[in-house]
Amino acid sequence: MAQPVSPLSGHKIKKIQPVKDYLVSGQVFDLYHDAEWDMLLSFPVPNDLENYYKSTAYKPHHHQNRSFTDMLYNLVRKQNYLYKYRLIKHFVPDFKSVLDYGTATGEFLAFLKQKTIKVSGVEPNKIAREIANKLTNGKVSVSIDKVSGKYDAITLWHVLEHVKEVDELIDKLKQRLSQNGILVIAVPNFKSYDAQHYGASWAAYDVPRHLWHFSPVAIQKLFQKHQMQVVGQKPLYFDSFYVSLLSEQYKTGKKNLIKAFFTGLKSNWYARKTGQYSSLVYIIQAN
């Protein structure tokens with residue numbers, strides 16, 4: 001059997017390890033490594049991929065607050081809104097419009113609206129989109145093709161790793177950027193300490209929903225392919241703690257709150273020197 005090729009880079013990829021879908025199906029998928037781009041790919045990609053999102057345990061599409069993990073997720077998400085706002089403002093001080101692709105239930109857009117920012121969103125999931133439209137007065141569409149106009153910032157918060165047709169999407173997003181506008185892309189980083197620590201139990205692999213697993217090198221190469229460049233790179237500090245908490249549950253069947261906290265702390269500490277945080281935000285502009 002011939003060695004498979006990455007549809008993103010065109011390079012040959014090699015199978016490295018199996019990873020379980022802990023969230024929905026319990027099925028096992030394989031991770032493949034693209035050595036030239038330093039990225040991982042999940043295989044196989046199910047034909048019915050949308051069914052792997054049909055669970056109340058998939059937090060981005062729901063508002064649950066039943067468990068400690070739910071409450072922690074929602075608390076961290078709210079704390080991140082101001083951080084995200086300030087991050088955009090740092091690179092585009094007078095920004096007036098934002099398109100949030102993969103907006104989930106729309107809380108970030110609602111936060112921006114309160115600051116008189118013009119907002120639009122894209123969310124394919126019907127349940128999440130309906131919630132988002134209630135919060136934003138109908139500003140969220142089902143696809144990027146339904147969105148018009150130009151935007152000072154286009155954000156994708158933990159979304160790019162889910163997208164099948166990445167190259168096509170990047171081209172469409174680029175066309176909707178205003179002059180000197182920025183793409184803000186947040187993705188997990190499999191080069192982080194917590195990823196290495198938990199191995200196949202690392203929650204941010206999240207197969208098969210995460211199709212791609214990017215490193216900083218992979219992000220740079222991907223956007224160079226589209227005549228765009230990374231002009232900034234920032235961490236999402238809270239992600240190492242939340243991902244470690246889920247990973248402990250996957251690995252041991254127990255929450256292990258204290259152990260998860262110190263693993264997350266250790267991951268951020270090591271990343272101060274290496275730059276390899278659990279999740280990274282990339283600021284990208286057209287050349």
# chains A, B, ... in the order shown; residues from 1 in each chain; ligands from 1

call {"tool": "select_by_dssp", "arguments": {"residues": "range 134-220 of chain A", "states": "alpha helix (DSSP H)", "output": "number ranges by chain"}}
result
A: 134-136, 166-175, 193-198, 216-220

call {"tool": "write_last_selection", "arguments": {"atoms": "C-alpha atoms", "output": "PDB file, in the first residue's frame"}}
result
ATOM      1  CA  LYS A 134     -30.882  35.139  19.795  1.00  0.00           C
ATOM      2  CA  LEU A 135     -27.835  36.768  21.408  1.00  0.00           C
ATOM      3  CA  THR A 136     -26.844  38.812  18.340  1.00  0.00           C
ATOM      4  CA  VAL A 166      -8.982  24.458   4.756  1.00  0.00           C
ATOM      5  CA  ASP A 167      -7.432  25.961   1.614  1.00  0.00           C
ATOM      6  CA  GLU A 168     -10.808  26.955   0.201  1.00  0.00           C
ATOM      7  CA  LEU A 169     -11.847  28.558   3.490  1.00  0.00           C
ATOM      8  CA  ILE A 170      -8.629  30.571   3.840  1.00  0.00           C
ATOM      9  CA  ASP A 171      -9.102  32.013   0.357  1.00  0.00           C
ATOM     10  CA  LYS A 172     -12.664  33.058   1.200  1.00  0.00           C
ATOM     11  CA  LEU A 173     -11.655  34.600   4.513  1.00  0.00           C
ATOM     12  CA  LYS A 174      -8.808  36.493   2.876  1.00  0.00           C
ATOM     13  CA  GLN A 175     -11.255  38.057   0.408  1.00  0.00           C
ATOM     14  CA  TYR A 193       4.266  19.969  27.309  1.00  0.00           C
ATOM     15  CA  ASP A 194       0.750  18.810  28.226  1.00  0.00           C
ATOM     16  CA  ALA A 195       0.395  17.133  24.806  1.00  0.00           C
ATOM     17  CA  GLN A 196       3.667  15.273  25.308  1.00  0.00           C
ATOM     18  CA  HIS A 197       2.743  14.417  28.906  1.00  0.00           C
ATOM     19  CA  TYR A 198      -0.649  12.866  28.142  1.00  0.00           C
ATOM     20  CA  PRO A 216       3.733  26.815  14.730  1.00  0.00           C
ATOM     21  CA  VAL A 217       5.762  25.633  11.734  1.00  0.00           C
ATOM     22  CA  ALA A 218       2.671  24.152  10.082  1.00  0.00           C
ATOM     23  CA  ILE A 219       0.655  27.350  10.538  1.00  0.00           C
ATOM     24  CA  GLN A 220       3.442  29.442   8.997  1.00  0.00           C
TER      25      GLN A 220
END

call {"tool": "residues_around", "arguments": {"residues": "Tyr83 in chain A", "least_positions_apart": "5", "cutoff": "12 Å", "atoms": "only C-alpha atoms", "output": "JSON, numbers by chain"}}
result
{"A": [76, 77, 78, 88, 89, 90, 108, 111, 112, 234, 235, 236, 237, 238, 281]}

call {"tool": "select_by_dssp", "arguments": {"residues": "range 23-191 of chain A", "states": "strand (DSSP E or B)", "output": "VMD selection string"}}
result
chain A and resid 28 to 34 39 to 43 97 to 101 118 to 122 140 to 141 151 to 157 177 to 188

call {"tool": "write_last_selection", "arguments": {"atoms": "C-alpha atoms", "output": "PDB file, in the first residue's frame"}}
result
ATOM      1  CA  VAL A  28     -10.208   4.577  17.599  1.00  0.00           C
ATOM      2  CA  PHE A  29      -8.647   6.741  14.890  1.00  0.00           C
ATOM      3  CA  ASP A  30      -5.048   7.038  13.717  1.00  0.00           C
ATOM      4  CA  LEU A  31      -2.725  10.035  13.813  1.00  0.00           C
ATOM      5  CA  TYR A  32      -0.421  10.533  10.832  1.00  0.00           C
ATOM      6  CA  HIS A  33       2.650  12.775  10.834  1.00  0.00           C
ATOM      7  CA  ASP A  34       3.657  15.157   8.063  1.00  0.00           C
ATOM      8  CA  MET A  39       1.738  18.589  11.654  1.00  0.00           C
ATOM      9  CA  LEU A  40      -0.535  15.651  12.430  1.00  0.00           C
ATOM     10  CA  LEU A  41      -3.645  14.465  10.588  1.00  0.00           C
ATOM     11  CA  SER A  42      -6.525  12.307  11.846  1.00  0.00           C
ATOM     12  CA  PHE A  43      -7.594   9.295   9.766  1.00  0.00           C
ATOM     13  CA  SER A  97     -15.903  45.174  12.612  1.00  0.00           C
ATOM     14  CA  VAL A  98     -15.376  41.479  13.382  1.00  0.00           C
ATOM     15  CA  LEU A  99     -16.428  38.300  11.620  1.00  0.00           C
ATOM     16  CA  ASP A 100     -16.282  35.293  13.947  1.00  0.00           C
ATOM     17  CA  TYR A 101     -16.115  32.059  11.964  1.00  0.00           C
ATOM     18  CA  LYS A 118     -20.105  45.626  14.118  1.00  0.00           C
ATOM     19  CA  VAL A 119     -20.326  41.834  14.253  1.00  0.00           C
ATOM     20  CA  SER A 120     -21.158  38.923  11.977  1.00  0.00           C
ATOM     21  CA  GLY A 121     -20.746  35.227  12.543  1.00  0.00           C
ATOM     22  CA  VAL A 122     -20.758  31.866  10.806  1.00  0.00           C
ATOM     23  CA  VAL A 140     -24.988  34.626  12.426  1.00  0.00           C
ATOM     24  CA  SER A 141     -25.149  32.802   9.067  1.00  0.00           C
ATOM     25  CA  TYR A 151     -13.950  43.074   8.207  1.00  0.00           C
ATOM     26  CA  ASP A 152     -11.101  44.549  10.225  1.00  0.00           C
ATOM     27  CA  ALA A 153     -10.660  41.224  12.026  1.00  0.00           C
ATOM     28  CA  ILE A 154     -11.798  37.696  11.237  1.00  0.00           C
ATOM     29  CA  THR A 155     -11.490  35.296  14.149  1.00  0.00           C
ATOM     30  CA  LEU A 156     -11.452  31.509  14.353  1.00  0.00           C
ATOM     31  CA  TRP A 157     -11.250  30.340  17.963  1.00  0.00           C
ATOM     32  CA  LEU A 177     -10.474  41.151   5.098  1.00  0.00           C
ATOM     33  CA  SER A 178     -10.382  44.938   4.958  1.00  0.00           C
ATOM     34  CA  GLN A 179      -7.110  46.670   4.099  1.00  0.00           C
ATOM     35  CA  ASN A 180      -4.621  45.951   6.895  1.00  0.00           C
ATOM     36  CA  GLY A 181      -7.162  43.584   8.440  1.00  0.00           C
ATOM     37  CA  ILE A 182      -6.084  40.506  10.394  1.00  0.00           C
ATOM     38  CA  LEU A 183      -6.985  36.869  10.703  1.00  0.00           C
ATOM     39  CA  VAL A 184      -6.888  35.641  14.303  1.00  0.00           C
ATOM     40  CA  ILE A 185      -6.464  31.861  14.404  1.00  0.00           C
ATOM     41  CA  ALA A 186      -6.422  29.912  17.694  1.00  0.00           C
ATOM     42  CA  VAL A 187      -5.579  26.204  17.571  1.00  0.00           C
ATOM     43  CA  PRO A 188      -4.248  23.538  19.959  1.00  0.00           C
TER      44      PRO A 188
END

call {"tool": "atom_distance", "arguments": {"atom1": "CA of Leu245 in chain A", "atom2": "CA of Leu82 in chain A"}}
result
23.3 Å

call {"tool": "closest_residue", "arguments": {"among": "A:Leu8, A:Gln249, A:Ser192, A:Glu36", "to": "Leu265 in chain A", "atoms": "only C-alpha atoms"}}
result
A:Ser192

call {"tool": "closest_residue", "arguments": {"among": "A:Val207, A:Val159, A:Ile13, A:Met228", "to": "Pro44 in chain A", "atoms": "only C-alpha atoms"}}
result
A:Val207

call {"tool": "atom_distance", "arguments": {"atom1": "CA of Pro18 in chain A", "atom2": "CA of Ser279 in chain A"}}
result
21.8 Å

call {"tool": "residues_around", "arguments": {"residues": "range 251-264 of chain A", "least_positions_apart": "4", "cutoff": "10 Å", "atoms": "only C-alpha atoms", "output": "PyMOL selection string"}}
result
chain A and resi 22+68-69+193-194+197-203+237-247+268-269+277-278

call {"tool": "write_last_selection", "arguments": {"atoms": "C-alpha atoms", "output": "short mmCIF file (atom, residue, chain, number, x, y, z; two decimals), in the first residue's frame"}}
result
data_model
loop_
_atom_site.label_atom_id
_atom_site.label_comp_id
_atom_site.auth_asym_id
_atom_site.auth_seq_id
_atom_site.Cartn_x
_atom_site.Cartn_y
_atom_site.Cartn_z
CA TYR A 22 -13.38 9.67 24.33
CA PHE A 68 -17.55 21.25 37.66
CA THR A 69 -15.99 20.81 34.22
CA TYR A 193 4.27 19.97 27.31
CA ASP A 194 0.75 18.81 28.23
CA HIS A 197 2.74 14.42 28.91
CA TYR A 198 -0.65 12.87 28.14
CA GLY A 199 0.22 11.29 24.79
CA ALA A 200 -2.75 9.48 23.22
CA SER A 201 -4.96 10.65 26.11
CA TRP A 202 -4.39 14.35 25.33
CA ALA A 203 -7.91 15.79 25.13
CA TYR A 237 -2.95 30.46 29.12
CA PHE A 238 -6.12 28.86 30.49
CA ASP A 239 -6.22 26.12 27.87
CA SER A 240 -3.44 24.05 29.43
CA PHE A 241 -5.45 23.74 32.67
CA TYR A 242 -8.74 22.85 31.01
CA VAL A 243 -7.14 20.39 28.57
CA SER A 244 -5.16 18.79 31.40
CA LEU A 245 -8.34 18.34 33.43
CA LEU A 246 -10.05 16.51 30.57
CA SER A 247 -6.91 14.53 29.79
CA ASN A 268 2.77 27.12 30.81
CA TRP A 269 6.04 27.36 32.73
CA TYR A 277 1.89 26.70 24.80
CA SER A 278 -1.05 24.28 24.92
#

call {"tool": "atom_distance", "arguments": {"atom1": "CA of Asp206 in chain A", "atom2": "CA of Gly26 in chain A"}}
result
11.2 Å

call {"tool": "closest_residue", "arguments": {"among": "A:His213, A:Lys15, A:Arg86, A:Lys20", "to": "Lys191 in chain A", "atoms": "only C-alpha atoms"}}
result
A:His213
